[in-house]
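run_31.txt, holding compact mmCIF, C-alpha atoms:
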```txt
# COMPACT_ATOMS: atom_id res chain seq x y z
CA MET M 60 127.58 92.24 63.83
CA GLU M 61 127.70 90.24 67.06
CA THR M 62 125.02 91.03 69.60
CA THR M 63 126.54 92.54 72.72
CA GLU M 64 125.95 90.72 76.00
CA LEU M 65 125.58 94.01 77.89
CA LYS M 66 122.34 95.92 77.92
CA PRO M 67 122.60 99.04 75.74
CA THR M 68 122.10 101.30 78.75
CA GLU M 69 125.12 99.67 80.37
CA LEU M 70 127.46 100.32 77.46
CA LYS M 71 130.18 102.88 78.03
CA PRO M 72 130.95 105.53 75.40
CA THR M 73 134.05 103.59 74.34
CA GLU M 74 131.78 100.62 73.62
CA LEU M 75 129.02 102.64 71.96
CA LYS M 76 131.29 104.52 69.58
CA PRO M 77 132.31 101.54 67.40
CA ILE M 78 128.64 100.58 67.08
CA MET M 79 127.80 104.13 66.03
CA GLU M 80 130.66 104.17 63.56
CA LEU M 81 129.56 100.86 62.07
CA ALA M 82 126.01 102.15 61.53
CA VAL M 83 127.31 105.24 59.73
CA ALA M 84 129.63 103.16 57.56
CA GLU M 85 126.93 100.69 56.60
CA VAL M 86 124.45 103.34 55.53
CA LEU M 87 126.88 105.58 53.68
CA GLU M 88 128.47 102.66 51.84
CA ALA M 89 125.15 101.21 50.68
CA MET M 90 123.24 104.38 49.87
CA CYS M 91 125.91 106.95 49.00
CA PHE M 92 128.95 104.94 47.90
CA ILE M 93 131.05 106.77 50.48
CA SER M 94 133.62 104.89 52.54
CA SER M 95 134.29 105.36 56.20
CA GLU M 96 137.88 105.78 57.35
CA GLY M 97 137.16 105.09 61.00
CA GLU M 98 136.66 107.33 63.98
CA SER M 99 138.14 110.77 63.46
CA PRO M 100 140.63 112.07 66.00
CA GLU M 101 138.68 115.34 65.96
CA ALA M 102 137.01 115.85 69.30
CA ALA M 103 133.25 115.45 69.38
CA GLY M 104 132.06 118.70 70.85
CA GLN M 105 130.33 121.77 69.64
CA TYR M 106 130.37 122.03 65.88
CA PRO M 107 130.31 125.10 63.62
CA PRO M 108 126.97 126.84 63.06
CA ASP M 109 126.97 126.22 59.30
CA TRP M 110 127.03 122.44 59.65
CA ILE M 111 123.91 120.67 58.40
CA CYS M 112 122.21 118.69 61.14
CA GLY M 113 119.46 116.13 61.48
CA GLU M 114 118.03 114.70 64.67
CA LEU M 115 115.24 112.50 65.86
CA ASP M 116 113.81 110.86 68.97
CA PHE M 117 113.27 107.16 69.39
CA ALA M 118 111.10 105.15 71.74
CA GLY M 119 110.65 101.49 72.52
CA ASN M 120 112.60 99.24 74.83
CA LEU M 121 115.10 102.10 74.76
CA SER M 122 114.26 105.74 74.39
CA GLY M 123 116.42 108.69 73.60
CA SER M 124 117.59 110.78 70.72
CA PHE M 125 120.08 110.60 67.90
CA GLY M 126 121.58 113.16 65.58
CA ILE M 127 124.15 113.75 62.89
CA ALA M 128 125.95 116.84 61.67
CA VAL M 129 128.05 117.34 58.55
CA PRO M 130 130.01 120.22 57.05
CA PRO M 131 128.22 121.80 54.09
CA ALA M 132 130.61 120.33 51.51
CA THR M 133 130.23 116.80 52.91
CA GLY M 134 126.46 117.26 53.05
CA ALA M 135 126.38 118.26 49.40
CA THR M 136 128.42 115.23 48.37
CA ILE M 137 126.28 112.87 50.41
CA ALA M 138 123.10 114.31 48.94
CA ALA M 139 124.42 114.20 45.37
CA ASN M 140 125.53 110.59 45.72
CA PHE M 141 122.29 109.56 47.41
CA LEU M 142 120.08 111.13 44.75
CA GLY M 143 122.33 110.41 41.79
CA GLU M 144 122.51 114.08 40.87
CA ASP M 145 125.28 116.63 40.34
CA GLU M 146 126.04 118.71 43.42
CA CYS M 147 125.51 121.92 41.51
CA ASP M 148 121.95 120.87 40.66
CA LEU M 149 120.89 120.39 44.28
CA SER M 150 119.16 122.96 46.46
CA GLU M 151 119.92 123.47 50.16
CA GLU M 152 116.47 122.11 50.89
CA GLN M 153 117.21 118.88 49.02
CA THR M 154 120.53 118.49 50.85
CA MET M 155 118.82 119.06 54.18
CA GLU M 156 116.13 116.52 53.32
CA VAL M 157 118.75 113.89 52.45
CA ILE M 158 120.62 114.53 55.71
CA CYS M 159 117.35 114.04 57.57
CA GLU M 160 116.76 110.74 55.76
CA LEU M 161 120.33 109.75 56.51
CA THR M 162 119.65 110.46 60.19
CA ASN M 163 116.64 108.15 59.96
CA MET M 164 118.60 105.30 58.36
CA VAL M 165 121.66 105.53 60.61
CA ALA M 166 119.44 105.67 63.70
CA GLY M 167 117.50 102.60 62.56
CA THR M 168 120.68 100.67 61.83
CA LEU M 169 122.26 101.71 65.12
CA LEU M 170 119.23 100.77 67.21
CA ALA M 171 118.95 97.41 65.47
CA ASN M 172 122.61 96.75 66.31
CA LEU M 173 122.01 97.72 69.95
CA ASP M 174 118.83 95.70 70.35
CA SER M 175 117.92 93.46 67.45
CA ARG M 176 114.77 92.04 68.99
CA SER M 177 112.74 95.12 69.86
CA ALA M 178 110.71 97.36 67.60
CA PHE M 179 111.45 101.06 67.83
CA THR M 180 109.39 104.06 66.89
CA LEU M 181 111.41 106.83 65.33
CA SER M 182 110.10 110.37 65.22
CA PRO M 183 110.23 112.05 61.81
CA PRO M 184 113.77 113.35 61.42
CA ARG M 185 114.03 117.11 61.68
CA PRO M 186 116.69 119.69 60.95
CA GLY M 187 118.76 120.00 64.14
CA HIS M 188 120.33 122.93 65.89
CA SER M 189 123.88 123.49 64.80
CA ALA M 190 124.74 125.12 68.10
CA ALA M 191 123.88 121.95 70.01
CA ARG M 192 126.66 120.04 71.61
CA ALA M 193 127.52 116.73 69.99
CA ALA M 194 128.77 115.21 73.22
CA GLY M 195 128.49 115.75 76.93
CA ASP M 196 125.37 116.08 79.05
CA GLY M 197 124.66 112.35 78.84
CA ARG M 198 125.32 112.12 75.12
CA THR M 199 127.91 109.96 73.41
CA GLY M 200 129.51 111.61 70.42
CA CYS M 201 131.37 109.92 67.59
CA THR M 202 132.91 111.70 64.63
CA VAL M 203 133.67 109.52 61.64
CA ALA M 204 136.22 110.40 58.97
CA LEU M 205 135.02 109.80 55.43
CA ASP M 206 136.82 109.79 52.14
CA GLU M 207 134.58 112.79 51.44
CA GLY M 208 134.90 114.72 54.72
CA LEU M 209 133.49 114.19 58.21
CA ILE M 210 130.26 113.20 59.87
CA ALA M 211 129.57 113.83 63.54
CA THR M 212 127.00 111.69 65.34
CA TRP M 213 125.58 111.76 68.82
CA LEU M 214 123.42 109.39 70.81
CA GLU M 215 121.55 109.93 74.04
CA ILE M 216 119.90 106.93 75.68
CA ARG M 217 117.59 108.30 78.32
CA ASP M 218 115.98 105.27 79.91
CA ARG M 219 114.41 101.91 79.32
CA ALA M 220 110.65 101.60 78.82
CA MET V 121 104.99 91.91 32.18
CA PRO V 122 105.53 95.50 33.38
CA TYR V 123 103.98 96.42 36.71
CA ASN V 124 102.35 99.63 37.94
CA VAL V 125 103.99 100.66 41.21
CA LEU V 126 103.23 103.08 44.02
CA ILE V 127 106.08 104.30 46.24
CA VAL V 128 104.98 105.49 49.69
CA ASP V 129 107.57 107.30 51.84
CA ASP V 130 107.59 110.68 53.58
CA SER V 131 111.10 111.35 52.22
CA PRO V 132 111.07 112.72 48.65
CA GLY V 133 114.73 111.71 48.39
CA MET V 134 114.01 108.12 49.34
CA ARG V 135 111.13 107.94 46.86
CA LYS V 136 113.52 109.12 44.17
CA VAL V 137 116.14 106.56 45.20
CA ILE V 138 113.64 103.70 45.10
CA ARG V 139 112.45 104.82 41.68
CA LYS V 140 116.05 104.97 40.45
CA MET V 141 116.91 101.57 41.92
CA LEU V 142 113.85 100.03 40.30
CA GLY V 143 115.31 101.01 36.98
CA GLN V 144 118.76 99.72 37.93
CA SER V 145 117.39 96.41 39.17
CA GLY V 146 115.95 95.62 35.74
CA PHE V 147 112.45 95.16 37.12
CA ALA V 148 109.89 96.10 34.46
CA THR V 149 107.60 98.93 35.47
CA ASP V 150 105.00 100.88 33.52
CA LEU V 151 103.28 103.45 35.71
CA CYS V 152 105.28 104.69 38.74
CA VAL V 153 103.47 107.00 41.16
CA GLU V 154 104.35 108.35 44.60
CA ALA V 155 102.74 109.27 47.91
CA GLY V 156 104.08 110.95 51.03
CA ASP V 157 102.05 109.02 53.60
CA GLY V 158 99.34 106.44 53.99
CA CYS V 159 96.50 108.89 53.38
CA GLU V 160 97.95 110.05 50.10
CA ALA V 161 98.61 106.42 49.18
CA LEU V 162 94.94 105.47 49.62
CA ASP V 163 93.96 108.45 47.49
CA VAL V 164 96.33 107.33 44.73
CA LEU V 165 95.10 103.73 44.97
CA SER V 166 91.50 104.86 44.50
CA LYS V 167 92.44 106.58 41.24
CA GLN V 168 95.32 104.63 39.67
CA PRO V 169 95.67 100.98 38.58
CA VAL V 170 98.50 99.94 40.94
CA ASP V 171 99.90 96.40 41.18
CA ILE V 172 102.75 96.81 43.68
CA VAL V 173 103.09 99.11 46.68
CA PHE V 174 106.43 99.96 48.29
CA THR V 175 105.77 101.38 51.71
CA ASP V 176 107.82 102.84 54.54
CA ILE V 177 106.49 102.37 58.09
CA ASN V 178 107.25 105.54 60.05
CA MET V 179 105.29 108.28 58.26
CA PRO V 180 103.10 111.16 59.45
CA ASN V 181 99.29 111.27 59.11
CA MET V 182 98.95 107.53 58.40
CA ASN V 183 101.93 105.21 58.90
CA GLY V 184 102.75 102.09 56.93
CA GLU V 185 101.18 99.71 59.40
CA GLU V 186 97.90 101.64 59.35
CA LEU V 187 98.02 101.67 55.57
CA MET V 188 98.49 97.88 55.54
CA GLU V 189 95.51 97.50 57.87
CA LYS V 190 93.35 99.52 55.48
CA ILE V 191 94.55 97.59 52.44
CA SER V 192 94.07 94.21 54.11
CA VAL V 193 90.36 94.79 54.81
CA SER V 194 89.52 96.25 51.41
CA PRO V 195 88.41 93.70 48.76
CA GLU V 196 89.31 96.12 45.98
CA TYR V 197 92.98 95.91 47.04
CA LYS V 198 93.13 92.15 47.32
CA HIS V 199 95.34 91.95 44.23
CA LEU V 200 97.99 94.33 45.58
CA LEU V 201 101.49 93.13 46.38
CA VAL V 202 103.02 95.16 49.20
CA LEU V 203 106.76 95.39 49.84
CA VAL V 204 107.77 97.11 53.06
CA VAL V 205 110.91 99.27 52.84
CA SER V 206 111.85 100.41 56.33
CA THR V 207 114.66 101.19 58.76
CA ASP V 208 112.93 98.95 61.32
CA ARG V 209 114.71 95.58 61.39
CA SER V 210 113.01 94.11 64.43
CA GLU V 211 111.54 90.65 64.10
CA GLU V 212 108.47 91.92 65.93
CA ARG V 213 107.72 94.57 63.31
CA MET V 214 108.57 92.33 60.40
CA GLN V 215 106.21 89.62 61.57
CA ARG V 216 103.47 92.15 62.20
CA MET V 217 103.68 93.57 58.68
CA LEU V 218 103.81 90.12 57.09
CA ALA V 219 100.81 89.06 59.18
CA LEU V 220 98.93 92.08 57.82
CA GLY V 221 99.60 90.85 54.31
CA ALA V 222 102.89 92.34 53.18
CA LYS V 223 104.60 90.00 50.72
CA GLY V 224 108.14 91.19 51.33
CA TYR V 225 110.28 93.28 53.66
CA VAL V 226 113.46 95.18 52.74
CA THR V 227 115.41 97.05 55.39
CA LYS V 228 117.13 100.38 54.77
CA PRO V 229 119.92 100.77 53.79
CA PHE V 230 119.71 98.54 50.74
CA VAL V 231 121.34 98.10 47.35
CA PRO V 232 119.57 97.68 43.99
CA ARG V 233 120.03 93.92 43.86
CA THR V 234 118.30 93.54 47.23
CA LEU V 235 115.26 95.37 45.92
CA GLY V 236 115.36 93.41 42.67
CA TYR V 237 115.58 90.09 44.48
CA ALA V 238 112.67 90.96 46.77
CA LEU V 239 110.54 91.97 43.78
CA THR V 240 111.38 88.85 41.81
CA LYS V 241 110.49 86.67 44.78
CA MET V 242 107.26 88.58 45.37
CA THR V 243 106.08 88.39 41.76
CA ALA V 244 107.17 84.82 41.04
CA GLY V 245 104.34 82.91 39.49
CA ARG V 246 102.38 86.02 38.58
CA ALA V 247 101.35 86.35 34.90
```
Once you've parsed the file, please lay out its structure as C-alpha cells.
Amino acid sequence: METTELKPTELKPTELKPIMELAVAEVLEAMCFISSEGESPEAAGQYPPDWICGELDFAGNLSGSFGIAVPPATGATIAANFLGEDECDLSEEQTMEVICELTNMVAGTLLANLDSRSAFTLSPPRPGHSAARAAGDGRTGCTVALDEGLIATWLEIRDRA
Amino acid sequence: MPYNVLIVDDSPGMRKVIRKMLGQSGFATDLCVEAGDGCEALDVLSKQPVDIVFTDINMPNMNGEELMEKISVSPEYKHLLVLVVSTDRSEERMQRMLALGAKGYVTKPFVPRTLGYALTKMTAGRA
C-alpha cells in the first residue's frame, strides 16, 4: 500500500474508508479465508443490538479508538474459519473472543497503513456496546461486504501526541 | 530435530491458530505449551524445557517487551529462540525487540508459510 502524503488527521472520511476497507480485507483473507467484496452500500450508522462488537483504544503518534461489529451469523463464520472449527462447536464466548482478536489485528493493520513509522500501543480489545453509533460524532464508519455477510468498522482519531 | 515451543498471547484463539499453523507449516515440534501473558510465560519457562518462544507484545500483566527484557538478562534462558508475533509493524518496535534478543518478527495477520519461513530461518544451523 502506498504511504499517503497527508497526515492521518488530515484525511477526510472518503480517504480513510478505503484504508479501513483494505485493513479488513487483508486480515480476513489471511486469517479467515473470507473475501471482501468492497464497501457495502449499507449506511454506517447505528447497528442492531444483537451484533457482536469489539473495540479498543490506541495511543502513539495518533490516539483514538477503533471498533468492529458483525451480525451474529457472520461472527460465527469468522470465528469458525479463524479457529478451524465447525460453527456448531463454538460457544458465544469463543466467537466473542475471536471478534476481539480480529479487532486487534484490523486495528494494527490499519494504523500501520496510516503511519508506518510510529509504534502504537493498543489497549486489550474488549466487547463493545452494540448500541453505539458506528459513525458520526467524529467517527468515520465503513461497512464492508463480505462473501459471508457484513462487517462494520469505525475509527475515531482524537489527536496527535 | 523436534523443538519444544511456548506460545505466549493473551488471546486463546490466537494461541490455537499458532499451534494449528505450526502443524501446517511442517515445523517439527514435540512439547507445545501456552501462556496468556509474560508472567505466566516465565512460570512455564521455569518448569518446562522450552526451546522456542512465540510471543505477542501487547498483553496484560507483563507485555512481550517486558518478557524479552527478563529473558535477555537471565543466563538460564540464553538458549531460547524468541519469535515475536504481533500486530505492531512499526520499524521502531521491531528494532527494539530485535535489540532485546528476539531472533525473528512476524506481523499479524500471517499465513502458515510465513510462520514456517521465519522458524526455518531462526533455527538454521541449530542441531
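Across the model, the gap from CA of Gly113 in chain M to CA of Trp213 in chain M is 10.5 Å.
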Notebook entry, point to check: If we count all atoms listed in the file, which residues of chain M reach to within 12 Å of chain V? Please list them as a count of residues only.
Noted result: 57
Checklist line | Who sits within 10 Å of Leu239 in chain V, only C-alpha atoms, same chain under 2 positions skipped, as a list in words | finding: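 Result of the neighbour search: Leu142, Ser145, Phe147, Ile172, Leu201, Val202, Leu203, Lys223, Gly224, Tyr225, Val226, Arg233, Thr234, Leu235, Gly236, Tyr237, Lys241, Met242, Thr243 and Ala244 of chain V.
Take CA of Ile78 in chain M and CA of Lys66 in chain M: the distance between them is 13.4 Å.
Closest to Asp163 in chain V among V:Met121, V:Met141, V:Leu218, V:Ile191 is V:Ile191, based on only C-alpha atoms.
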Checklist line | Proximity to Pro108 in chain M - best of M:Pro77, M:Ala128, M:Ser94, M:Gly208, all atoms listed in the file | finding: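 The answer is M:Ala128, which sits nearest to Pro108 in chain M.
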Check: Just how far from CA of Cys159 in chain V is CA of Met188 in chain V, in Å to one decimal?
Finding: 11.4 Å
Notebook entry, point to check: So which residues are close to (100.8, 97.0, 61.9), meaning at most 7 Å away in the file's coordinates with all atoms listed in the file counted, and can you show them as a PyMOL selection string?
Noted result: chain V and resi 185-186+188-189+216-217+220
Take the residues from that selection and write them out as a PDB file, in the coordinates of the input, keeping C-alpha atoms.
```
ATOM      1  CA  GLU V 185     101.180  99.710  59.400  1.00  0.00           C
ATOM      2  CA  GLU V 186      97.900 101.640  59.350  1.00  0.00           C
ATOM      3  CA  MET V 188      98.490  97.880  55.540  1.00  0.00           C
ATOM      4  CA  GLU V 189      95.510  97.500  57.870  1.00  0.00           C
ATOM      5  CA  ARG V 216     103.470  92.150  62.200  1.00  0.00           C
ATOM      6  CA  MET V 217     103.680  93.570  58.680  1.00  0.00           C
ATOM      7  CA  LEU V 220      98.930  92.080  57.820  1.00  0.00           C
TER       8      LEU V 220
END
```
Item checked: Of the listed residues M:Thr73, M:Ser122, M:Ser99, M:Thr68, that which approaches Ile210 in chain M most closely, counting only C-alpha atoms -> M:Ser99
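Of the listed residues V:Pro122, V:Gly184, V:Pro195, V:Gly221, the one whose atoms come nearest to Glu160 in chain V is V:Gly184, with distances taken using only C-alpha atoms.
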Check: Using all atoms listed in the file, which residue out of V:Ala238, V:Leu126, V:Val204, V:Met182 lies closest to Thr149 in chain V?
Finding: V:Leu126
